[in-house]
Each structure stands twice: as C-alpha cells, then as structure tokens.
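Following: one structure in structure tokens, then a few remarks.
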Amino acid sequence: MKQTLTDKILQAHLIEGKPVAGEEVGIRIDQTLTQDATGTMVYLQYESMDIPRVKTELSVSYIDHNTQQAGFMNMDDHRFLQSAAAKYGLYFSRPGNGICHQVHLERFGIPGKTLLGSDSHTPTGGGLGMIAIGAGGLDVACAMAGAPFYLNYPQVIGVRLTGELQPMCSAKDVILYLLKLETVKGGVGKVYEYFGKGVSTLSVPQRATITNMGAELGATTSVFPSDEKTLEFLKLQKRESVWTELKADDDAEYARIIDINLSEIVPYAACPHMPDIVKPVSELEGLPVSQVGIGSCTNSSINDLGAAAEILDGKTIAENVSLGIAPGSRQVMLNSIEAGIFSKLVASGARILESACGPCIGMGFSPNSGGVSLRTFNRNFKGRSGTADASVYLVSPETAAASALTGVFTDPRKTAPAVRRDYSSFCAVNDSMIIPPLPEQEAAAVEIVKGPNIKECPKAKPVEKEIAASVVLKTGDNITTDHIMPAGSKILPLRSNIPEISKHVFEQVDPEFYSRALEAGQGVIIGGENYGQGSSREHAALAPMYLGIRAVIAKSFARIHKANLINFGILPLTFENPDDYEAVDSGDRLVLQNVVEALRSGAPVTVKNETRNREFKAVHGLADRAVEVMLAGGALNYTKARLEH
Ligand code: MIC
Ligand code: SF4
C-alpha cells in the first residue's frame, strides 16, 4: 500500500500493536524534551524508577516557563532540574536560552525521528519532518526509562497546499484558517500531514508555526515532509549531516484530504476565548487595542521579528498600545541584534521581554482590565493572560505590528512596507547556554538538589471494585486544562508542590471546588465534549487525584488529558447515552458499580445516581494496557513492575 509519511515514521518505530487507526500501539521514542513547569514532576518520577541514565538517543531539559522568580521557588526548581539533568545524562538548556520548542527545532530536531515532550506544543518538531508528540510528564519519564510510548494509532488527514502566501499573509493565518475549518476538537485521534506544491514555498520556521498550533486542533501531531527547505534550514544551523529526504509515497492514501490554496489565505484572528473562533482581520478592523505581544513558541523566529520590525521601522507605536516582544530563543535574539531588527523594534517603542514563554502563560505582561490584547501566541483561553476580563486575540506578527502602530485592529495588507527581507541567513550558532550530558562516571557522583518547595509526587491508588463519590463539579464543553489547573505568575511556581497547587484546582470556574472536594472525600467530575483540551500539564490530573477525584464522566476527552487521568488512576468514562449528561448534577451522590469487572471485560460501568434514584451506563473503551495501569494504581507502578522483569 502507498504510505503516508506519518505511517512510514510510526511504523519504523512500532514496538507493540497493529498500525490500524484507533488501535493502541507502542512506539519507540528517540528523543525527549521537558520544560521546567512540567519537568520537576518528570524527574521526580524518573528518580523513583531507579534508572541511572536515560535510554533515549537524546533528552533535553529546558528552562523557559517559570523564569519570573518572584521568590525562591522558581530558581529552586531550576537548580533541581540542572542537577537531575547532570545525573541522568541529559542536555540542559539554561534559563534565557529560549523556549523549548524553538530551541529544539534549531539545535536538536532530526527528520524522521520520534520526539516526545512534556508540553502540548511538542508537535513544533513536525516542521522538520519529525513525529513529535506532546504527552503528560509521566509518559515522558517512562520513555526516558526506555519504555514505549502508547497512543491510539492515528487517522492521517492530508492537507494539500497549493499556491503561495501573498504579502502580509503568513503561516499563522494558514493554521488559523485550518482551526476555523476543523475546530478545537476536530483533530482528536488525527495527524495532519502536509503535502503538495505549496509546501516548498514555506520555510521550516513557517512550517513549525503551523505544526505548533496544530495542537489547538486537538491533533496527535502534524508533520511536513523533509525536503530542500529542510536541508537549507539545517545547513544554517550547521547540522546538515542529520538531514534525510522524507515524504509520503505518491498517491498515498489519506483518510481525508483538505485543500488549502495559500494564495487565497488572508489575515485571520482567533477571537476570545477559543483558538477556533476565527474571523478575517478585515471584519475586526477599527477595534481599539491596548496591548500587543509578539513571541511564544508559535511565532518568534527571526523572520517573525523581522516582519514586525519592517512594519514598525522609523515609526512609533500608538499611545494607547503597550508592545512586548519575547524572542523565541537566544539564537533569535543574538541574530536579531546583528540584523538590526532589535534596534528598529526598540526605536518604535517595543519593550523587550526575556526569551521565554512569559506572557503566553501569564508570567507577566498581563493586559489591563477589560483590555484588548493582540498576541502572536497559540492560546487565548479566558484568564490565561492573567487578566480575567481581558479579550485576547491570536494573530500573525504582521497583524500584531500593524495594529500596534495604528492602535486599532488593522489588516496588515494596508501597511505593507516597501521592502520585505528574508533574515534567515542571520544564523550565528551559539550553544554556550546548553550544558551537554556528563560522562557516566561523573554523572553517577552528582547529588540531586531539592529546595524546600520540591515535594514528593503523590502516589495513585489502584481502582476499587465500587466507587461511591459525590459529583463535585459539572462542566460544559471544551473545558481546558487551564480551567482545571490554572497557571500564571502566582500558581505556576507551585508546580513542584502538589499539596499547595491543589488549592487552586478549578479556581476560576468555581472558587468553592477545593473545599467541596475535601468535604466530599471521594469525588467525581462530570464533563462535556473535549474535556481536558489544551496544555499537557499532568497537574490537571495529579492535583484532582490528590483531592480525592476518582473518576471523570464526560461526553468526550482530549487525548493527552485522558492519558494523564489513566496515568494517575482517575477513571475516564464517557456517557453511553450522551443524554444522560442532563440527568446528573453537582452534589449528586453516585455509586460506580462493578468497576474492576467492567474494566476487565470491556462492559459498561453501571452508575447509580442515589440522589435521583436512577441509573445510567458509562463506557471506558480502554485498551488492555490502560486497564492494567488502572488496576496497578497508575502508570508509575505499572512501568516500574514491567521494567523490573
Ligand atoms: C501551555 O502552553 O499551556 C504550557 C504551559 O506550555 C503547557 C505545559 C504546562 O502547563 O506546563 C502545555 O502546553 O503543555
Ligand atoms: Fe511556552 Fe506558550 Fe509555547 Fe506553552 S504555548 S510552550 S507557554 S510559549
């Protein structure tokens, strides 16, 4: 059979299972990445597996999220992570070196390899022809220990690109357009594979913008072929030796094909508060803007900054606008200085922020009350910016810069500068802030440093025969892991301290959640469609587990969060009949009957609603391995037992 590129790479890494869409398979992981906000739990879990050195070809620990350091917590985490990297044989990318996805693309990604990252935007690596997947931290710890990564074999959707982007229209507009078509849940269980004549018109960083934000589709990942453009990028990075040509077979069979003519793409914006509420910028023109942010792992390559600099060149930003720029990596920062981009930006009034995630995850640069913030980022969930009533719009660097200049939403095609340069040749490489792995003997002698904010990772419990619990919360559709476990400058520093961070679970949705969960002792959450979309943060499972949540019954789940629930022994169930969602409410007392038997046989679980005196069925649909994980009391117990044999 003619193969897609996804099939080729996945099948070359297949360890367990059959490559049939929807069936669980285990794949070998070549590379891993972690970032500091999820990483501390990863290395605590890895430590408890007692494996002296990572078994992957390459693993990197990045510091990019928690860099505000208002208090000792963040830097304690950095110290812990640096010592863990030294002990276990990882590369360590120091604070200030850049956002994990941008740095990994530049310095470590290899076409045709698999990459697993404890961050949902790991698919950025798909821009280089990798199968790069975001996962919960525990899955990444297991992959570093040499275990396969388990996923449902995806359906492969082909995205055929033709034509060429028009001036002032960008890769960001392509992915926003796709989000408009496919929605935030359209990609669950799917890989979006790009092909066609239009591919060769896009550079690797442009491709990476598209694969990065494929995460917002809920997709397993997105991938581009590895071609001459890939070679060009790797040459500039002085890494051409890792290049191989990779593409789908001619006439490969896709489950579905989406046609996009790049010539017809116009500037788009994702409107508050979801990345799929997409409108053409022309429809939003004139709306006053109070803040503009350029950066994040989606849009902070040198050409993104360069495009903004050319629009702003010689001019001053509007009086009502505050403009912040966070370069994606130190490499981008250094080369932007060299190329004269920085001086243009600073002269126009831009505030230069650190090369890190920063405002994208609410670490500073929050908008004013009721403010309108245009950001080149990938998520605009309510409150994520740190200002609950702000309206965040996701746009391209071109739209961001044009609007910063006028002070109102502006179609960048109206402010097109006379010259448009390609800055990618400014590519001096400087790895001085990346610490390579220590030789084995030296590594063995390293002591892991744990400050007082680093608390043990709580253990999951094996699932019980019967679960009697109260419904602590009922939610609507598309609940994100930002709703479940908020981030931002106050909460993010608590990522290594589950007892403390769990006080903030669902805080913005229902401030009483914490006290009600404690009172209930054992709890169940009722969810709508696509429960747990967005960030990979396993804290959205770990902290509820710590508060006694034993099951989530939803209409459907997002991929990474469902895996995290299983990893921490919380039973993910879906309503057999979605109408039953209406007949259960917060405060109801439920008894989940014959759970163990249902897990083993695949039969539905009977849920008795004692408050309403009625019953309904909920299905688990878990693969045999996931059932074993639930019975073992979570993935850590399960993997440890398997690695010992
Ligand atoms: C995000 O963009 O939401 C984050 C912060 O990068 C998360 C990871 C985390 O919560 O630490 C992600 O995307 O997985
Ligand atoms: Fe960082 Fe934002 Fe990218 Fe998440 S989406 S990795 S917070 S820049």
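Scheme for the structure tokens: letters A, B, ... for chains in order shown; per-chain residue numbers from 1; ligand numbers from 1 in order shown.
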Write as a PyMOL selection string the residues around ligand 1, taking 6 Å as the cut-off and counting only C-alpha atoms and all ligand atoms. chain A and resi 37-38+119-121+361+535-537
For ligand 2, collect every residue having any atom at a distance of at most 10 Å from a ligand atom (counting only C-alpha atoms and all ligand atoms); output as a VMD selection string. chain A and resid 35 37 64 to 66 98 to 102 118 to 122 124 212 to 213 215 to 216 295 to 300 326 328 355 to 363 377 to 379 384 487 to 488 534 to 536
Restricting it to C-alpha atoms, dump the selection as an mmCIF file, in the first residue's frame.
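This is the output file out-v5.cif:
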data_model
loop_
_atom_site.group_PDB
_atom_site.id
_atom_site.type_symbol
_atom_site.label_atom_id
_atom_site.label_comp_id
_atom_site.auth_asym_id
_atom_site.auth_seq_id
_atom_site.Cartn_x
_atom_site.Cartn_y
_atom_site.Cartn_z
ATOM 1 C CA GLN A 35 10.313 22.160 30.279
ATOM 2 C CA ALA A 37 6.853 23.730 34.637
ATOM 3 C CA ASP A 64 11.606 28.524 29.800
ATOM 4 C CA HIS A 65 8.264 28.752 31.638
ATOM 5 C CA ASN A 66 8.989 29.652 35.244
ATOM 6 C CA GLY A 98 14.871 30.162 24.830
ATOM 7 C CA ILE A 99 11.562 28.381 24.509
ATOM 8 C CA CYS A 100 11.935 24.613 24.377
ATOM 9 C CA HIS A 101 10.209 24.124 21.021
ATOM 10 C CA GLN A 102 12.107 26.862 19.214
ATOM 11 C CA SER A 118 6.030 17.095 28.324
ATOM 12 C CA ASP A 119 4.425 20.034 26.606
ATOM 13 C CA SER A 120 1.492 20.067 24.229
ATOM 14 C CA HIS A 121 3.305 22.129 21.589
ATOM 15 C CA THR A 122 5.993 19.495 21.036
ATOM 16 C CA THR A 124 6.504 22.060 16.511
ATOM 17 C CA ASN A 212 2.922 24.054 16.614
ATOM 18 C CA MET A 213 -0.615 25.305 16.567
ATOM 19 C CA ALA A 215 -2.008 21.252 18.978
ATOM 20 C CA GLU A 216 -5.026 23.565 19.168
ATOM 21 C CA GLY A 295 6.584 35.930 20.717
ATOM 22 C CA SER A 296 5.782 32.409 22.063
ATOM 23 C CA CYS A 297 6.731 29.081 20.542
ATOM 24 C CA THR A 298 4.308 29.773 17.674
ATOM 25 C CA ASN A 299 5.743 32.956 16.238
ATOM 26 C CA SER A 300 9.131 34.087 17.413
ATOM 27 C CA ALA A 326 9.788 37.930 23.509
ATOM 28 C CA GLY A 328 11.864 32.557 20.806
ATOM 29 C CA SER A 355 13.488 34.939 25.642
ATOM 30 C CA ALA A 356 10.984 32.628 27.363
ATOM 31 C CA CYS A 357 7.257 31.767 27.417
ATOM 32 C CA GLY A 358 6.483 34.853 29.513
ATOM 33 C CA PRO A 359 3.084 36.424 28.779
ATOM 34 C CA CYS A 360 1.887 33.376 26.842
ATOM 35 C CA ILE A 361 1.459 31.557 30.142
ATOM 36 C CA GLY A 362 0.533 34.617 32.189
ATOM 37 C CA MET A 363 4.032 35.173 33.557
ATOM 38 C CA PHE A 377 0.610 33.169 20.617
ATOM 39 C CA ASN A 378 -1.457 29.998 20.329
ATOM 40 C CA ARG A 379 -3.970 30.072 23.194
ATOM 41 C CA ARG A 384 -4.782 32.713 30.800
ATOM 42 C CA ALA A 487 -1.111 28.682 35.545
ATOM 43 C CA GLY A 488 0.145 32.292 35.709
ATOM 44 C CA GLY A 534 -5.055 22.262 25.707
ATOM 45 C CA SER A 535 -1.972 22.047 27.857
ATOM 46 C CA SER A 536 -0.361 18.704 28.639
#
DSSP-assigned strand (DSSP E or B) among region 3-212 of chain A, expressed as a PyMOL selection string: chain A and resi 14-16+24-27+31-35+58-62+91-93+98+114-117+131-134+149-152+155-162+190-195
Taking only C-alpha atoms into account, which of A:Cys142, A:Val60, A:Leu179, A:Leu323 comes nearest Ser403 (chain A)? A:Leu323
Residue with smallest distance to Thr574 (chain A) - pool A:Ile131, A:Ala70, A:Leu643, A:Ala618, counting only C-alpha atoms: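 Smallest distance to Thr574 (chain A) is found for A:Ala618.
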My list of candidates is A:Val25, A:Ile51, A:Ile454, A:Ala468. Which is closest to Glu500 (chain A) when distances are computed with only C-alpha atoms?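 Ranking A:Val25, A:Ile51, A:Ile454, A:Ala468 by distance to Glu500 (chain A), first place goes to A:Ile454.
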Residue contacts of Val392 (chain A) (12 Å, only C-alpha atoms) excluding same-chain residues fewer than 4 positions away, as a PyMOL selection string: chain A and resi 269-275+277+289-293+359-360+362+366-388+400
Counting only C-alpha atoms, which residues in region 203-305 of chain A sit no more than 9 Å from region 160-175 of chain A? For each one, give the nearest pair of atoms and the distance in Å, sorted by chain then residue number, as a Markdown table.
| residue | atom | partner | partner_atom | distance |
| --- | --- | --- | --- | --- |
| A:Gln206 | CA | A:Ala171 | CA | 5.4 |
| A:Arg207 | CA | A:Ala171 | CA | 7.1 |
| A:Ala208 | CA | A:Ala171 | CA | 8.8 |
| A:Thr209 | CA | A:Lys172 | CA | 6.3 |
| A:Ile210 | CA | A:Ile175 | CA | 5.3 |
| A:Thr211 | CA | A:Ile175 | CA | 8.2 |
| A:Met213 | CA | A:Ile175 | CA | 6.7 |
| A:Gly214 | CA | A:Ile175 | CA | 7.1 |
| A:Ile257 | CA | A:Arg160 | CA | 6.8 |
| A:Ile258 | CA | A:Arg160 | CA | 6.1 |
| A:Asp259 | CA | A:Arg160 | CA | 4.9 |
| A:Ile260 | CA | A:Leu161 | CA | 5.1 |
| A:Asn261 | CA | A:Thr162 | CA | 4.7 |
| A:Leu262 | CA | A:Glu164 | CA | 4.8 |
| A:Ser263 | CA | A:Glu164 | CA | 4.8 |
| A:Glu264 | CA | A:Leu165 | CA | 7.6 |
| A:Ile265 | CA | A:Val174 | CA | 6.5 |
| A:Val266 | CA | A:Cys169 | CA | 5.7 |
| A:Pro267 | CA | A:Cys169 | CA | 5.5 |
| A:Tyr268 | CA | A:Asp173 | CA | 5.4 |
| A:Ala269 | CA | A:Asp173 | CA | 7.7 |
| A:Thr298 | CA | A:Lys172 | CA | 8.0 |
| A:Asn299 | CA | A:Lys172 | CA | 7.7 |
Saved selection, atoms kept: N, CA, C and O atoms, as a PDB file, in the first residue's frame:
ATOM      1  N   GLN A 206       8.235  28.615   9.269  1.00  0.00           N
ATOM      2  CA  GLN A 206       6.818  28.792   8.901  1.00  0.00           C
ATOM      3  C   GLN A 206       6.054  27.482   9.079  1.00  0.00           C
ATOM      4  O   GLN A 206       4.942  27.455   9.607  1.00  0.00           O
ATOM      5  N   ARG A 207       6.672  26.398   8.651  1.00  0.00           N
ATOM      6  CA  ARG A 207       6.045  25.082   8.837  1.00  0.00           C
ATOM      7  C   ARG A 207       5.848  24.810  10.323  1.00  0.00           C
ATOM      8  O   ARG A 207       4.828  24.254  10.753  1.00  0.00           O
ATOM      9  N   ALA A 208       6.849  25.209  11.119  1.00  0.00           N
ATOM     10  CA  ALA A 208       6.784  24.942  12.558  1.00  0.00           C
ATOM     11  C   ALA A 208       5.665  25.748  13.222  1.00  0.00           C
ATOM     12  O   ALA A 208       5.054  25.287  14.191  1.00  0.00           O
ATOM     13  N   THR A 209       5.374  26.939  12.704  1.00  0.00           N
ATOM     14  CA  THR A 209       4.231  27.713  13.217  1.00  0.00           C
ATOM     15  C   THR A 209       2.952  26.904  13.015  1.00  0.00           C
ATOM     16  O   THR A 209       2.093  26.827  13.901  1.00  0.00           O
ATOM     17  N   ILE A 210       2.862  26.282  11.858  1.00  0.00           N
ATOM     18  CA  ILE A 210       1.649  25.526  11.520  1.00  0.00           C
ATOM     19  C   ILE A 210       1.550  24.250  12.371  1.00  0.00           C
ATOM     20  O   ILE A 210       0.495  23.947  12.933  1.00  0.00           O
ATOM     21  N   THR A 211       2.650  23.514  12.503  1.00  0.00           N
ATOM     22  CA  THR A 211       2.570  22.263  13.269  1.00  0.00           C
ATOM     23  C   THR A 211       2.421  22.564  14.763  1.00  0.00           C
ATOM     24  O   THR A 211       1.766  21.830  15.488  1.00  0.00           O
ATOM     25  N   MET A 213       0.757  24.974  16.194  1.00  0.00           N
ATOM     26  CA  MET A 213      -0.615  25.305  16.567  1.00  0.00           C
ATOM     27  C   MET A 213      -1.608  24.237  16.129  1.00  0.00           C
ATOM     28  O   MET A 213      -2.803  24.320  16.423  1.00  0.00           O
ATOM     29  N   GLY A 214      -1.095  23.189  15.474  1.00  0.00           N
ATOM     30  CA  GLY A 214      -1.910  22.000  15.232  1.00  0.00           C
ATOM     31  C   GLY A 214      -2.362  21.418  16.561  1.00  0.00           C
ATOM     32  O   GLY A 214      -3.382  20.726  16.644  1.00  0.00           O
ATOM     33  N   ILE A 257      -8.824  14.465   2.651  1.00  0.00           N
ATOM     34  CA  ILE A 257      -7.882  15.495   2.175  1.00  0.00           C
ATOM     35  C   ILE A 257      -8.530  16.872   2.305  1.00  0.00           C
ATOM     36  O   ILE A 257      -9.691  17.067   1.943  1.00  0.00           O
ATOM     37  N   ILE A 258      -7.783  17.804   2.874  1.00  0.00           N
ATOM     38  CA  ILE A 258      -8.248  19.190   2.962  1.00  0.00           C
ATOM     39  C   ILE A 258      -7.385  19.988   1.982  1.00  0.00           C
ATOM     40  O   ILE A 258      -6.156  19.885   2.016  1.00  0.00           O
ATOM     41  N   ASP A 259      -8.007  20.748   1.110  1.00  0.00           N
ATOM     42  CA  ASP A 259      -7.246  21.561   0.151  1.00  0.00           C
ATOM     43  C   ASP A 259      -7.118  22.991   0.643  1.00  0.00           C
ATOM     44  O   ASP A 259      -8.129  23.603   0.995  1.00  0.00           O
ATOM     45  N   ILE A 260      -5.903  23.483   0.677  1.00  0.00           N
ATOM     46  CA  ILE A 260      -5.701  24.898   1.019  1.00  0.00           C
ATOM     47  C   ILE A 260      -4.858  25.554  -0.070  1.00  0.00           C
ATOM     48  O   ILE A 260      -3.731  25.117  -0.339  1.00  0.00           O
ATOM     49  N   ASN A 261      -5.428  26.584  -0.694  1.00  0.00           N
ATOM     50  CA  ASN A 261      -4.674  27.370  -1.659  1.00  0.00           C
ATOM     51  C   ASN A 261      -4.047  28.543  -0.899  1.00  0.00           C
ATOM     52  O   ASN A 261      -4.751  29.462  -0.472  1.00  0.00           O
ATOM     53  N   LEU A 262      -2.739  28.492  -0.717  1.00  0.00           N
ATOM     54  CA  LEU A 262      -2.056  29.510   0.084  1.00  0.00           C
ATOM     55  C   LEU A 262      -2.289  30.923  -0.475  1.00  0.00           C
ATOM     56  O   LEU A 262      -2.336  31.896   0.269  1.00  0.00           O
ATOM     57  N   SER A 263      -2.475  31.016  -1.781  1.00  0.00           N
ATOM     58  CA  SER A 263      -2.681  32.337  -2.409  1.00  0.00           C
ATOM     59  C   SER A 263      -3.981  32.977  -1.922  1.00  0.00           C
ATOM     60  O   SER A 263      -4.152  34.187  -2.023  1.00  0.00           O
ATOM     61  N   GLU A 264      -4.911  32.141  -1.424  1.00  0.00           N
ATOM     62  CA  GLU A 264      -6.208  32.697  -1.004  1.00  0.00           C
ATOM     63  C   GLU A 264      -6.283  32.981   0.488  1.00  0.00           C
ATOM     64  O   GLU A 264      -7.307  33.425   1.000  1.00  0.00           O
ATOM     65  N   ILE A 265      -5.204  32.681   1.212  1.00  0.00           N
ATOM     66  CA  ILE A 265      -5.206  32.906   2.670  1.00  0.00           C
ATOM     67  C   ILE A 265      -5.119  34.402   2.950  1.00  0.00           C
ATOM     68  O   ILE A 265      -4.280  35.101   2.382  1.00  0.00           O
ATOM     69  N   VAL A 266      -5.979  34.882   3.826  1.00  0.00           N
ATOM     70  CA  VAL A 266      -5.969  36.307   4.213  1.00  0.00           C
ATOM     71  C   VAL A 266      -5.607  36.384   5.701  1.00  0.00           C
ATOM     72  O   VAL A 266      -5.603  35.370   6.382  1.00  0.00           O
ATOM     73  N   PRO A 267      -5.306  37.568   6.218  1.00  0.00           N
ATOM     74  CA  PRO A 267      -5.018  37.654   7.654  1.00  0.00           C
ATOM     75  C   PRO A 267      -6.257  37.299   8.494  1.00  0.00           C
ATOM     76  O   PRO A 267      -7.354  37.786   8.228  1.00  0.00           O
ATOM     77  N   TYR A 268      -6.032  36.423   9.467  1.00  0.00           N
ATOM     78  CA  TYR A 268      -7.124  35.980  10.354  1.00  0.00           C
ATOM     79  C   TYR A 268      -6.786  36.317  11.800  1.00  0.00           C
ATOM     80  O   TYR A 268      -5.621  36.564  12.147  1.00  0.00           O
ATOM     81  N   ALA A 269      -7.805  36.251  12.660  1.00  0.00           N
ATOM     82  CA  ALA A 269      -7.595  36.392  14.109  1.00  0.00           C
ATOM     83  C   ALA A 269      -8.502  35.392  14.813  1.00  0.00           C
ATOM     84  O   ALA A 269      -9.655  35.197  14.406  1.00  0.00           O
ATOM     85  N   THR A 298       4.986  29.789  18.973  1.00  0.00           N
ATOM     86  CA  THR A 298       4.308  29.773  17.674  1.00  0.00           C
ATOM     87  C   THR A 298       4.950  30.736  16.687  1.00  0.00           C
ATOM     88  O   THR A 298       5.034  30.455  15.499  1.00  0.00           O
ATOM     89  N   ASN A 299       5.352  31.881  17.147  1.00  0.00           N
ATOM     90  CA  ASN A 299       5.743  32.956  16.238  1.00  0.00           C
ATOM     91  C   ASN A 299       6.877  33.793  16.790  1.00  0.00           C
ATOM     92  O   ASN A 299       6.696  34.968  17.096  1.00  0.00           O
TER      93      ASN A 299
END
Compile the contact shell of Lys8 (chain A) as a ChimeraX atom specification: residues with an atom at most 9 Å away, counting only C-alpha atoms, same-chain residues fewer than 6 positions apart removed. /A:112,247-248
Just list the residues in region 325-567 of chain A DSSP gives alpha helix (DSSP H) on the backbone, as a PyMOL selection string. chain A and resi 330-338+341-348+397-406+440-444+481-484+488-491+498-501+513-520+539-546+559-567
Find the residues around Gly117 (chain A) up to 7 Å (only C-alpha atoms counted), leave out those fewer than 2 positions away in its own chain, and share them as a PyMOL selection string. chain A and resi 32-34+115+119+122+133-135+140
Can you write out the residues you just picked, keeping all heavy atoms, as a CSV table (one decimal), in the first residue's frame?
chain,number,residue,atom,x,y,z
A,32,THR,N,13.5,13.0,23.8
A,32,THR,CA,12.5,13.6,24.7
A,32,THR,C,12.9,15.1,25.0
A,32,THR,O,14.1,15.4,24.9
A,32,THR,CB,12.3,12.9,26.0
A,32,THR,OG1,13.6,13.0,26.8
A,32,THR,CG2,12.0,11.4,25.8
A,33,LEU,N,11.9,15.8,25.3
A,33,LEU,CA,12.1,17.2,25.8
A,33,LEU,C,11.2,17.4,27.0
A,33,LEU,O,10.1,16.9,27.1
A,33,LEU,CB,12.0,18.3,24.8
A,33,LEU,CG,10.6,18.7,24.2
A,33,LEU,CD1,9.9,19.6,25.1
A,33,LEU,CD2,10.9,19.4,22.9
A,34,THR,N,11.7,18.2,28.0
A,34,THR,CA,10.8,18.6,29.1
A,34,THR,C,11.1,20.1,29.3
A,34,THR,O,12.1,20.6,28.9
A,34,THR,CB,11.2,17.9,30.4
A,34,THR,OG1,12.6,18.2,30.7
A,34,THR,CG2,11.0,16.4,30.4
A,115,LEU,N,9.9,12.3,18.7
A,115,LEU,CA,10.2,13.2,19.8
A,115,LEU,C,8.9,13.2,20.7
A,115,LEU,O,7.8,13.4,20.3
A,115,LEU,CB,10.5,14.6,19.3
A,115,LEU,CG,10.4,15.7,20.3
A,115,LEU,CD1,11.6,15.6,21.3
A,115,LEU,CD2,10.5,17.1,19.6
A,119,ASP,N,5.0,18.7,26.9
A,119,ASP,CA,4.4,20.0,26.6
A,119,ASP,C,3.6,19.8,25.3
A,119,ASP,O,4.1,19.2,24.4
A,119,ASP,CB,5.5,21.1,26.4
A,119,ASP,CG,4.9,22.5,26.3
A,119,ASP,OD1,4.3,22.8,25.2
A,119,ASP,OD2,4.9,23.2,27.3
A,122,THR,N,4.9,20.3,21.6
A,122,THR,CA,6.0,19.5,21.0
A,122,THR,C,5.9,19.3,19.5
A,122,THR,O,6.9,19.2,18.8
A,122,THR,CB,6.1,18.2,21.8
A,122,THR,OG1,6.2,18.5,23.2
A,122,THR,CG2,7.3,17.3,21.4
A,133,ILE,N,5.4,14.5,19.5
A,133,ILE,CA,4.1,14.3,20.2
A,133,ILE,C,4.2,14.9,21.6
A,133,ILE,O,5.2,14.7,22.3
A,133,ILE,CB,3.7,12.8,20.3
A,133,ILE,CG1,3.6,12.3,18.8
A,133,ILE,CG2,2.3,12.7,21.0
A,133,ILE,CD1,3.3,10.8,18.8
A,134,GLY,N,3.1,15.6,22.1
A,134,GLY,CA,3.1,16.1,23.4
A,134,GLY,C,2.4,15.1,24.3
A,134,GLY,O,1.5,14.4,23.9
A,135,ALA,N,2.9,15.0,25.6
A,135,ALA,CA,2.3,14.0,26.5
A,135,ALA,C,2.5,14.5,27.9
A,135,ALA,O,3.1,15.5,28.2
A,135,ALA,CB,3.1,12.7,26.3
A,140,VAL,N,6.6,10.9,29.6
A,140,VAL,CA,8.0,11.2,29.1
A,140,VAL,C,9.0,10.6,30.0
A,140,VAL,O,10.0,10.1,29.6
A,140,VAL,CB,8.1,12.8,29.1
A,140,VAL,CG1,9.5,13.2,28.7
A,140,VAL,CG2,7.1,13.4,28.1
Sorted by chain and rising residue number, which residues of region 66-135 of chain A lie within 8 Å of region 427-442 of chain A, and what are their closest atom pairs and distances in Å to one decimal, counting only C-alpha atoms, as JSON lines?
{"residue": "A:Ala85", "atom": "CA", "partner": "A:Pro437", "partner_atom": "CA", "distance": 7.3}
{"residue": "A:Ala86", "atom": "CA", "partner": "A:Leu438", "partner_atom": "CA", "distance": 5.9}
{"residue": "A:Lys87", "atom": "CA", "partner": "A:Leu438", "partner_atom": "CA", "distance": 7.6}
{"residue": "A:Gly89", "atom": "CA", "partner": "A:Pro437", "partner_atom": "CA", "distance": 4.7}
{"residue": "A:Leu90", "atom": "CA", "partner": "A:Pro437", "partner_atom": "CA", "distance": 4.9}
{"residue": "A:Tyr91", "atom": "CA", "partner": "A:Pro436", "partner_atom": "CA", "distance": 4.6}
{"residue": "A:Phe92", "atom": "CA", "partner": "A:Ile435", "partner_atom": "CA", "distance": 5.0}
{"residue": "A:Ser93", "atom": "CA", "partner": "A:Ile434", "partner_atom": "CA", "distance": 4.5}
{"residue": "A:Arg94", "atom": "CA", "partner": "A:Met433", "partner_atom": "CA", "distance": 5.6}
{"residue": "A:Asn97", "atom": "CA", "partner": "A:Met433", "partner_atom": "CA", "distance": 6.1}
Quick one: pull the distance between CA of Lys608 (chain A) and CA of Ser586 (chain A), Å, one decimal.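 Value for the CA of Lys608 (chain A)-CA of Ser586 (chain A) distance: 14.6 Å.
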Per-residue nearest contacts of region 109-221 of chain A to region 546-567 of chain A (7 Å; only C-alpha atoms) as a tab-separated table:
residue	atom	partner	partner_atom	distance
A:Ala135	CA	A:Ile560	CA	5.7
A:Gly136	CA	A:Asn564	CA	5.8
A:Val188	CA	A:Arg559	CA	6.6
A:Gly218	CA	A:Ala558	CA	6.6
Writing out the chosen residues with C-alpha atoms as a short mmCIF file (atom, residue, chain, number, x, y, z; two decimals), in the first residue's frame:
data_model
loop_
_atom_site.label_atom_id
_atom_site.label_comp_id
_atom_site.auth_asym_id
_atom_site.auth_seq_id
_atom_site.Cartn_x
_atom_site.Cartn_y
_atom_site.Cartn_z
CA ALA A 135 2.35 14.00 26.47
CA GLY A 136 1.98 14.06 30.22
CA VAL A 188 -8.60 14.32 18.20
CA GLY A 218 -6.55 18.53 19.46
#
Nearest residue to Pro288 (chain A) from the set A:Ile467, A:Ala416, A:Ile110, A:Leu405 (distances using only C-alpha atoms):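 With only C-alpha atoms as the atom set, the closest residue is A:Leu405.
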In terms of only C-alpha atoms, the residue from A:Pro486, A:Pro493, A:Pro95, A:Gly286 at minimal distance from Val505 (chain A) is A:Pro486
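For the residues A:Leu636, A:Ala21, A:Leu231, A:Val223, ranking by smallest atom-to-atom distance to Gln155 (chain A) using only C-alpha atoms places A:Ala21 first.
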Residues within 12 Å of region 515-525 of chain A, please, as a PyMOL selection string. Count only C-alpha atoms; anything in the same chain fewer than 3 positions from it doesn't count. chain A and resi 464+466-476+479+484+502-507+510-512+528+531-532+541+543-555+565+570-574+581+584-592+607+609
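Going from CA of Glu232 (chain A) over to CA of Val191 (chain A), you cover 25.2 Å.
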Distance of CA of Leu599 (chain A) from CA of Phe616 (chain A), expressed in Å to one decimal place: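 Answer for the CA of Phe616 (chain A) to CA of Leu599 (chain A) separation: 16.5 Å.
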